[in-house]
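> Just so it is clear, I am handing over coords02.tsv, which has TSV, C-alpha atoms and all ligand atoms.
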```
chain	number	residue	atom	x	y	z
A	863	MET	CA	15.76	56.22	40.95
A	864	ILE	CA	17.67	55.11	37.87
A	865	ASP	CA	19.39	52.41	39.92
A	866	LYS	CA	16.07	51.25	41.26
A	867	ILE	CA	14.73	50.87	37.73
A	868	LYS	CA	17.81	48.93	36.60
A	869	GLN	CA	17.49	46.63	39.57
A	870	LEU	CA	13.84	46.00	38.78
A	871	LYS	CA	14.77	45.32	35.17
A	872	ASP	CA	17.21	42.60	36.27
A	873	GLU	CA	14.61	41.19	38.62
A	874	ILE	CA	11.97	40.98	35.87
A	875	GLN	CA	14.40	39.31	33.48
A	876	GLN	CA	15.30	36.67	35.99
A	877	VAL	CA	11.90	35.67	37.32
A	878	GLU	CA	11.00	32.13	36.31
A	879	LEU	CA	7.58	31.95	34.76
A	880	THR	CA	6.61	28.27	34.45
A	881	SER	CA	3.12	27.92	35.85
A	882	PRO	CA	-0.19	29.73	35.31
A	883	ASP	CA	-0.15	30.73	39.00
A	884	GLY	CA	3.35	32.14	38.71
A	885	LEU	CA	2.27	34.13	35.69
A	886	GLU	CA	-0.67	35.65	37.54
A	887	ARG	CA	1.50	36.55	40.54
A	888	PHE	CA	3.99	38.22	38.20
A	889	ARG	CA	1.23	40.22	36.50
A	890	ILE	CA	-0.18	41.47	39.81
A	891	GLN	CA	3.24	42.22	41.28
A	892	TYR	CA	4.61	44.20	38.37
A	893	LEU	CA	1.77	45.27	36.12
A	894	GLY	CA	-1.27	45.29	38.41
A	895	SER	CA	-3.05	48.52	39.41
A	896	LYS	CA	-1.11	48.49	42.68
A	897	GLY	CA	1.96	46.91	41.12
A	898	THR	CA	5.58	48.05	41.09
A	899	VAL	CA	5.51	49.67	37.65
A	900	LYS	CA	2.40	51.72	38.45
A	901	SER	CA	3.88	53.03	41.68
A	902	LEU	CA	7.15	53.87	39.95
A	903	PHE	CA	5.24	56.07	37.52
A	904	GLN	CA	3.63	57.81	40.49
A	905	GLU	CA	7.09	58.53	41.86
A	906	LEU	CA	7.97	60.28	38.58
A	907	LYS	CA	6.41	63.45	40.06
A	908	SER	CA	9.23	63.71	42.61
A	909	VAL	CA	12.00	63.31	40.04
A	910	PRO	CA	13.82	66.57	39.27
A	911	ASN	CA	12.58	68.11	36.02
A	912	GLU	CA	15.86	67.80	34.12
A	913	GLN	CA	15.89	64.00	34.76
A	914	LYS	CA	12.19	63.38	34.02
A	915	ARG	CA	12.72	62.67	30.34
A	916	GLU	CA	15.43	60.07	30.91
A	917	VAL	CA	13.71	58.42	33.88
A	918	GLY	CA	10.34	58.39	32.06
A	919	ALA	CA	11.87	56.63	29.08
A	920	LEU	CA	13.50	54.01	31.34
A	921	MET	CA	10.16	53.42	33.09
A	922	ASN	CA	8.47	52.91	29.75
A	923	GLU	CA	11.14	50.37	28.79
A	924	LEU	CA	10.64	48.59	32.06
A	925	ARG	CA	6.89	48.36	31.51
A	926	THR	CA	7.36	47.03	27.97
A	927	LEU	CA	9.84	44.46	29.23
A	928	ALA	CA	7.42	43.20	31.88
A	929	GLU	CA	4.58	43.01	29.33
A	930	GLU	CA	6.70	41.13	26.83
A	931	ARG	CA	7.90	38.61	29.38
A	932	LEU	CA	4.33	37.97	30.45
A	933	GLN	CA	3.19	37.49	26.86
A	934	THR	CA	5.96	35.07	25.79
A	935	ALA	CA	5.61	33.05	28.99
A	936	LYS	CA	1.88	32.74	28.32
A	937	GLU	CA	2.48	31.46	24.79
A	938	GLN	CA	5.11	28.97	25.92
A	939	LEU	CA	2.82	27.64	28.56
A	940	ALA	CA	-0.02	27.23	26.03
A	941	THR	CA	2.08	25.14	23.60
A	942	GLN	CA	3.45	23.04	26.45
A	943	THR	CA	-0.05	22.16	27.56
A	944	GLN	CA	-1.00	21.23	24.01
A	945	GLN	CA	1.97	18.89	23.67
A	946	GLY	CA	1.12	17.51	27.05
A	947	ASP	CA	-2.34	16.61	25.69
A	948	GLN	CA	-0.80	14.68	22.80
A	949	LEU	CA	1.22	12.64	25.21
A	950	ASP	CA	-1.73	11.61	27.30
A	951	LEU	CA	-0.81	7.97	27.79
A	952	SER	CA	-4.21	7.08	29.18
A	953	ARG	CA	-6.01	7.89	25.92
A	954	PRO	CA	-7.31	4.82	24.05
A	955	GLY	CA	-5.17	3.88	21.02
A	956	GLY	CA	-6.33	4.62	17.47
A	957	PRO	CA	-7.17	1.68	15.18
A	958	GLU	CA	-4.22	0.07	13.34
A	959	SER	CA	-4.70	0.05	9.58
A	960	VAL	CA	-4.48	-3.49	8.24
A	961	GLY	CA	-3.28	-4.54	4.82
A	962	ALA	CA	-5.49	-5.87	2.04
A	963	ARG	CA	-4.93	-8.75	-0.36
A	964	HIS	CA	-3.81	-7.71	-3.82
A	965	PRO	CA	-6.59	-8.06	-6.43
A	966	LEU	CA	-4.35	-10.31	-8.53
A	967	SER	CA	-3.77	-12.70	-5.63
A	968	LEU	CA	-7.50	-12.72	-4.91
A	969	VAL	CA	-8.24	-13.74	-8.51
A	970	ARG	CA	-5.31	-16.19	-8.53
A	971	SER	CA	-6.65	-17.92	-5.40
A	972	GLU	CA	-10.14	-18.03	-6.85
A	973	ILE	CA	-8.88	-19.69	-10.05
A	974	ILE	CA	-6.79	-22.21	-8.10
A	975	GLU	CA	-9.67	-23.04	-5.80
A	976	LEU	CA	-12.17	-23.68	-8.57
A	977	PHE	CA	-9.80	-25.95	-10.49
A	978	GLU	CA	-8.83	-27.80	-7.31
A	979	ARG	CA	-12.50	-28.64	-6.89
A	980	ILE	CA	-12.38	-30.66	-10.13
A	981	GLY	CA	-9.16	-32.46	-9.33
A	982	PHE	CA	-6.39	-30.18	-10.62
A	983	SER	CA	-3.19	-29.82	-8.59
A	984	VAL	CA	-0.93	-26.73	-8.57
A	985	SER	CA	2.58	-26.80	-10.09
A	986	GLU	CA	5.17	-24.07	-10.23
A	987	GLY	CA	8.35	-23.55	-12.22
A	988	PRO	CA	11.25	-21.07	-12.44
A	989	GLU	CA	10.87	-17.57	-13.87
A	990	ILE	CA	14.31	-17.77	-15.49
A	991	GLU	CA	14.00	-20.45	-18.14
A	992	ASP	CA	16.14	-22.08	-20.79
A	993	ASP	CA	15.19	-22.19	-24.46
A	994	TRP	CA	14.08	-25.81	-24.24
A	995	HIS	CA	11.34	-25.29	-21.65
A	996	ASN	CA	10.10	-21.93	-22.91
A	997	PHE	CA	10.28	-22.69	-26.65
A	998	SER	CA	11.82	-25.80	-28.17
A	999	ALA	CA	9.93	-28.47	-26.24
A	1000	LEU	CA	6.74	-26.56	-26.98
A	1001	ASN	CA	7.25	-27.07	-30.69
A	1002	PHE	CA	8.75	-23.67	-31.50
A	1003	PRO	CA	11.57	-24.72	-33.83
A	1004	LEU	CA	14.66	-22.45	-33.93
A	1005	GLU	CA	14.14	-19.53	-36.32
A	1006	HIS	CA	10.40	-20.19	-36.31
A	1007	PRO	CA	8.50	-16.90	-36.64
A	1008	ALA	CA	6.18	-17.90	-33.79
A	1009	ARG	CA	9.04	-17.02	-31.41
A	1010	ASP	CA	8.50	-13.40	-32.39
A	1011	MET	CA	4.91	-13.56	-31.10
A	1012	GLN	CA	6.43	-13.14	-27.66
A	1013	ASP	CA	9.02	-10.40	-27.23
A	1014	THR	CA	11.53	-12.15	-25.03
A	1015	PHE	CA	13.96	-10.75	-22.46
A	1016	PHE	CA	17.14	-12.77	-22.93
A	1017	ILE	CA	19.74	-12.91	-20.19
A	1018	GLU	CA	23.14	-14.51	-19.90
A	1019	LYS	CA	23.75	-16.93	-17.09
A	1020	GLY	CA	27.26	-18.31	-17.23
A	1021	GLU	CA	27.82	-19.90	-20.64
A	1022	LYS	CA	24.16	-20.49	-21.28
A	1023	GLU	CA	21.72	-18.02	-22.76
A	1024	MET	CA	18.59	-17.95	-20.65
A	1025	ALA	CA	15.34	-16.04	-20.87
A	1026	LEU	CA	12.70	-14.67	-18.53
A	1027	ARG	CA	9.82	-17.00	-19.29
A	1028	THR	CA	7.32	-15.47	-21.68
A	1029	HIS	CA	4.50	-17.78	-20.61
A	1030	THR	CA	3.69	-20.39	-17.98
A	1031	SER	CA	3.45	-23.06	-20.70
A	1032	SER	CA	7.08	-23.75	-19.73
A	1033	VAL	CA	5.76	-25.35	-16.53
A	1034	GLN	CA	3.71	-27.84	-18.62
A	1035	VAL	CA	6.98	-29.14	-20.05
A	1036	ARG	CA	8.57	-29.52	-16.61
A	1037	VAL	CA	5.51	-31.36	-15.25
A	1038	MET	CA	5.30	-33.72	-18.23
A	1039	GLU	CA	9.03	-34.44	-18.04
A	1040	SER	CA	8.87	-35.33	-14.37
A	1041	SER	CA	5.61	-37.27	-14.07
A	1042	THR	CA	3.49	-39.89	-15.78
A	1043	PRO	CA	-0.16	-39.49	-16.82
A	1044	PRO	CA	-2.81	-39.04	-15.69
A	1045	ILE	CA	-1.73	-35.41	-15.22
A	1046	ARG	CA	-4.21	-32.75	-14.18
A	1047	THR	CA	-2.52	-29.55	-13.09
A	1048	ILE	CA	-2.60	-25.77	-13.24
A	1049	SER	CA	0.45	-23.52	-13.10
A	1050	PRO	CA	0.02	-19.94	-11.92
A	1051	GLY	CA	2.96	-17.58	-12.20
A	1052	ARG	CA	4.58	-14.38	-13.38
A	1053	VAL	CA	5.74	-13.99	-16.98
A	1054	TYR	CA	7.79	-11.33	-18.79
A	1055	ARG	CA	7.67	-9.73	-22.21
A	1056	ASN	CA	9.68	-6.93	-23.69
A	1057	GLU	CA	6.80	-4.53	-24.28
A	1058	ALA	CA	6.44	-0.81	-23.76
A	1059	ILE	CA	4.40	-0.16	-20.62
A	1060	SER	CA	0.93	1.29	-21.25
A	1061	ALA	CA	-2.62	0.87	-19.98
A	1062	ARG	CA	-2.97	-2.26	-22.14
A	1063	ALA	CA	0.50	-3.84	-22.00
A	1064	HIS	CA	3.16	-4.38	-19.35
A	1065	CYS	CA	6.62	-5.91	-19.29
A	1066	PHE	CA	5.45	-8.43	-16.70
A	1067	PHE	CA	2.07	-9.97	-15.96
A	1068	HIS	CA	0.59	-13.19	-14.60
A	1069	GLN	CA	-0.82	-16.30	-16.20
A	1070	VAL	CA	-2.46	-19.55	-15.20
A	1071	GLU	CA	-1.68	-22.53	-17.39
A	1072	GLY	CA	-3.86	-25.64	-17.37
A	1073	LEU	CA	-2.89	-29.15	-18.49
A	1074	TYR	CA	-4.83	-32.40	-18.58
A	1075	ILE	CA	-3.23	-35.57	-20.00
A	1076	ASP	CA	-4.72	-39.05	-19.92
A	1077	LYS	CA	-6.00	-41.75	-22.23
A	1078	ASN	CA	-8.93	-40.58	-24.38
A	1079	VAL	CA	-8.94	-36.93	-23.37
A	1080	SER	CA	-10.97	-35.14	-26.04
A	1081	PHE	CA	-11.81	-31.65	-27.23
A	1082	ALA	CA	-15.24	-32.10	-25.59
A	1083	ASP	CA	-13.49	-32.45	-22.20
A	1084	LEU	CA	-11.65	-29.19	-22.88
A	1085	LYS	CA	-14.87	-27.34	-23.75
A	1086	GLN	CA	-16.68	-28.66	-20.70
A	1087	THR	CA	-13.80	-27.70	-18.39
A	1088	LEU	CA	-13.70	-24.18	-19.80
A	1089	LEU	CA	-17.48	-23.77	-19.55
A	1090	TYR	CA	-17.25	-24.85	-15.89
A	1091	PHE	CA	-14.49	-22.27	-15.35
A	1092	ALA	CA	-16.49	-19.46	-17.01
A	1093	LYS	CA	-19.63	-20.17	-14.97
A	1094	GLU	CA	-17.74	-20.37	-11.67
A	1095	MET	CA	-15.80	-17.20	-12.39
A	1096	PHE	CA	-18.39	-15.00	-14.09
A	1097	GLY	CA	-21.71	-16.45	-12.96
A	1098	GLU	CA	-24.20	-19.17	-13.92
A	1099	LYS	CA	-25.38	-17.25	-17.01
A	1100	ALA	CA	-21.90	-17.15	-18.59
A	1101	GLN	CA	-21.53	-18.69	-22.04
A	1102	ILE	CA	-18.35	-19.44	-23.97
A	1103	ARG	CA	-17.47	-19.57	-27.65
A	1104	LEU	CA	-14.35	-20.97	-29.29
A	1105	ARG	CA	-12.67	-19.44	-32.32
A	1106	PRO	CA	-10.03	-21.35	-34.32
A	1107	SER	CA	-6.52	-20.02	-33.67
A	1108	TYR	CA	-2.87	-20.99	-33.82
A	1109	PHE	CA	-0.35	-21.90	-31.10
A	1110	PRO	CA	2.73	-24.01	-31.88
A	1111	PHE	CA	2.10	-26.32	-28.90
A	1112	THR	CA	-1.56	-27.19	-29.55
A	1113	GLU	CA	-3.37	-28.71	-32.50
A	1114	PRO	CA	-6.14	-27.84	-33.05
A	1115	SER	CA	-5.95	-24.49	-31.19
A	1116	ALA	CA	-8.66	-22.07	-30.19
A	1117	GLU	CA	-9.21	-18.74	-28.54
A	1118	VAL	CA	-12.02	-18.59	-26.02
A	1119	ASP	CA	-14.46	-15.76	-25.49
A	1120	VAL	CA	-16.85	-15.43	-22.57
A	1121	SER	CA	-20.21	-13.67	-22.88
A	1122	CYS	CA	-19.90	-10.11	-21.58
A	1123	SER	CA	-21.12	-10.05	-17.98
A	1124	ILE	CA	-21.09	-6.26	-17.91
A	1125	CYS	CA	-23.93	-5.83	-20.46
A	1126	ASN	CA	-25.34	-9.40	-20.33
A	1127	ALA	CA	-24.03	-9.93	-23.87
A	1128	LYS	CA	-26.22	-7.12	-25.21
A	1129	GLY	CA	-23.21	-5.07	-26.34
A	1130	CYS	CA	-21.31	-2.32	-24.53
A	1131	ASN	CA	-18.05	-0.40	-24.88
A	1132	VAL	CA	-16.10	-3.00	-22.85
A	1133	CYS	CA	-16.99	-5.84	-25.28
A	1134	LYS	CA	-16.87	-3.38	-28.19
A	1135	TYR	CA	-20.57	-4.04	-28.86
A	1136	SER	CA	-19.91	-7.70	-29.74
A	1137	GLY	CA	-21.28	-9.24	-26.53
A	1138	TRP	CA	-18.08	-11.33	-26.19
A	1139	LEU	CA	-14.76	-10.88	-24.34
A	1140	GLU	CA	-11.59	-12.82	-25.12
A	1141	ILE	CA	-10.25	-14.61	-22.03
A	1142	LEU	CA	-7.84	-17.38	-22.97
A	1143	GLY	CA	-6.05	-19.58	-25.48
A	1144	CYS	CA	-6.32	-23.37	-25.57
A	1145	GLY	CA	-6.11	-26.52	-27.62
A	1146	MET	CA	-5.22	-30.20	-27.75
A	1147	VAL	CA	-1.58	-30.72	-26.79
A	1148	ASP	CA	0.40	-31.22	-30.01
A	1149	PRO	CA	1.74	-34.83	-30.26
A	1150	ASN	CA	5.20	-33.33	-30.92
A	1151	VAL	CA	5.07	-31.71	-27.46
A	1152	LEU	CA	4.01	-34.94	-25.74
A	1153	ASP	CA	6.82	-36.85	-27.41
A	1154	ALA	CA	9.40	-34.13	-26.65
A	1155	CYS	CA	8.44	-34.37	-22.98
A	1156	GLY	CA	8.65	-38.16	-22.82
A	1157	ILE	CA	4.93	-38.98	-23.02
A	1158	ASP	CA	3.83	-41.51	-25.64
A	1159	SER	CA	1.51	-39.64	-28.00
A	1160	LYS	CA	0.15	-42.94	-29.35
A	1161	ILE	CA	-1.31	-43.77	-25.94
A	1162	TYR	CA	-2.09	-40.40	-24.44
A	1163	THR	CA	-3.88	-37.23	-25.49
A	1164	GLY	CA	-4.42	-34.05	-23.58
A	1165	PHE	CA	-5.60	-30.47	-23.57
A	1166	ALA	CA	-3.98	-27.27	-22.41
A	1167	PHE	CA	-5.11	-23.72	-21.84
A	1168	GLY	CA	-3.53	-20.48	-20.72
A	1169	MET	CA	-5.09	-17.30	-19.38
A	1170	GLY	CA	-3.89	-13.94	-18.08
A	1171	ILE	CA	-4.79	-13.20	-14.45
A	1172	GLU	CA	-4.81	-9.43	-15.11
A	1173	ARG	CA	-7.33	-9.98	-17.90
A	1174	ILE	CA	-9.69	-11.97	-15.65
A	1175	ALA	CA	-9.27	-9.37	-12.86
A	1176	GLN	CA	-9.97	-6.60	-15.37
A	1177	LEU	CA	-13.30	-8.20	-16.29
A	1178	LYS	CA	-14.19	-9.05	-12.72
A	1179	TYR	CA	-13.31	-5.70	-11.15
A	1180	LYS	CA	-13.62	-3.47	-14.25
A	1181	VAL	CA	-10.07	-2.17	-13.91
A	1182	ASN	CA	-8.93	-1.14	-17.35
A	1183	ASP	CA	-5.39	0.14	-16.72
A	1184	LEU	CA	-2.78	-2.61	-16.24
A	1185	ARG	CA	-0.32	-0.22	-14.60
A	1186	LEU	CA	-2.54	0.11	-11.50
A	1187	TYR	CA	-1.73	-3.48	-10.52
A	1188	SER	CA	1.96	-2.77	-9.97
A	1189	GLU	CA	1.91	0.80	-8.67
A	1190	ASN	CA	0.88	-0.37	-5.19
A	1191	ASP	CA	-1.20	2.67	-4.35
A	1192	VAL	CA	-2.99	1.63	-1.15
A	1193	ARG	CA	-6.10	3.60	-2.15
A	1194	PHE	CA	-6.41	1.27	-5.15
A	1195	LEU	CA	-5.40	-1.91	-3.35
A	1196	LYS	CA	-7.73	-1.64	-0.38
A	1197	GLN	CA	-10.87	-1.51	-2.55
A	1198	PHE	CA	-10.89	-5.25	-3.18
A	1199	THR	CA	-11.08	-6.51	0.39
A	1200	PRO	CA	-14.45	-5.70	1.92
A	1201	GLY	CA	-14.49	-4.24	5.43
A	1202	ILE	CA	-11.18	-2.36	5.39
B	1301	LIG	N1	1.11	-19.65	-23.81
B	1301	LIG	C1	0.12	-18.85	-24.48
B	1301	LIG	C2	0.46	-17.38	-24.34
B	1301	LIG	O1	1.19	-17.02	-23.49
B	1301	LIG	C3	-1.23	-19.10	-23.88
B	1301	LIG	C4	-1.72	-20.46	-24.18
B	1301	LIG	C5	-2.43	-20.70	-25.34
B	1301	LIG	C6	-1.43	-21.52	-23.36
B	1301	LIG	C7	-2.91	-21.93	-25.66
B	1301	LIG	C8	-1.89	-22.79	-23.66
B	1301	LIG	C9	-2.62	-22.99	-24.83
B	1301	LIG	O2	-1.66	-23.84	-22.90
B	1301	LIG	O3	-3.09	-24.23	-25.12
B	1301	LIG	O4	-0.03	-16.60	-25.09
```
Transcribe the structure of this file into structure tokens.


Amino acid sequence: MIDKIKQLKDEIQQVELTSPDGLERFRIQYLGSKGTVKSLFQELKSVPNEQKREVGALMNELRTLAEERLQTAKEQLATQTQQGDQLDLSRPGGPESVGARHPLSLVRSEIIELFERIGFSVSEGPEIEDDWHNFSALNFPLEHPARDMQDTFFIEKGEKEMALRTHTSSVQVRVMESSTPPIRTISPGRVYRNEAISARAHCFFHQVEGLYIDKNVSFADLKQTLLYFAKEMFGEKAQIRLRPSYFPFTEPSAEVDVSCSICNAKGCNVCKYSGWLEILGCGMVDPNVLDACGIDSKIYTGFAFGMGIERIAQLKYKVNDLRLYSENDVRFLKQFTPGI
């Protein structure tokens, strides 16, 4: 009897259980009401009394073994079928997620497009600049305190000390040096300043510079161009106001505010209850700058302006933390392209 049980034990361990049918056959054969284990227990009666204990224990082990094999085979089969479902090659594919345009490039394109409509071209220049293009040609004399207005990252490139440009006004210089008036161009690009990163300041940001040089260009032309820009960007109701200011490269200089489109100039926390939001700096190009760049200031006059793209995007999309623009969190980025 003991041998018979051992033999059955081996048999049960070796059976391959790979299909639901096989499993059911196994259950009926070994554990069913007329199955092998049941009939073994019936034979226990004929076992001599002194062996009953040992044989009974072995039979119990055998039954447990059969039950366990059945259970694990069932579980294995269940997970295999699940995985099989995931690999169903006939299922239709899920939608691919598509990228969105960055809010700063959306605003940049919008600015370019609206200036192109009134005859401005687009010029670009290098991000690593020399002192001449970033400062000296723009009428910042050496040791002039105005250089401190822009915390500069200086870098060494060979013998020469270079800087990461602090503004896109450097492109003005390059354009004036390499062309003759009339000049009507805008220069979008990235600029760098050595500032601690916070919600309101970053060590890099983006600007668009504007430059118009011709005979008889006047301050009235500048005002009209900026009013056109404000209305195209912020809506027909937008108004602008100019406040006197100082930049080394323009004379006279002004800072421009646009009426707050969030509260319709009634006053809110974004415009600090003034009804106005500062958007750019501008002025008539200083004759010193024209002459430094090889343009005769007795014949030509011109205006220039410079604005921050982040600032315009902030007003347009009401995003008040500059850091969001460079963190590249897709949940932020995908909000600006409708339909994604
Ligand atoms: N370059 C200035 C800045 O980064 C902005 C600016 C002001 C540009 C007045 C101009 C201008 O062309 O006329 O703060």

> Neighbouring residues of His1064 of chain A were defined as those with any atom within 9 Å, considering all atoms listed in the file; residues of the same chain fewer than 6 positions away were excluded. Please report them as a list in words.

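Counting all atoms listed in the file, the residues come to Tyr1054, Arg1055, Asn1056, Glu1057, Ala1058, Leu1184 and Arg1185 of chain A.
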
> Restricting the calculation to all atoms listed in the file, which member of A:Gly1129, A:Gly987, A:Pro1110, A:Pro1044 is positioned closest to Met1146 of chain A?

A:Pro1110

> Report as a PyMOL selection string which protein, DNA and RNA residues come within 8 Å of ligand LIG 1301 (chain B), using all atoms listed in the file.

chain A and resi 1012+1028-1031+1034+1069+1071-1073+1109+1111-1112+1115-1117+1142-1147+1165-1169

> Pick the closest to Glu978 of chain A from A:Lys900, A:His995, A:Arg1046, A:Lys871: which is it, counting only C-alpha atoms?

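Looking at the shortest contact to Glu978 of chain A, the residue is A:Arg1046.
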
> Could you tell me how far atom CA of Cys1122 of chain A lies from atom CA of Leu1139 of chain A, in Å and to one decimal?

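So the answer is 5.9 Å.
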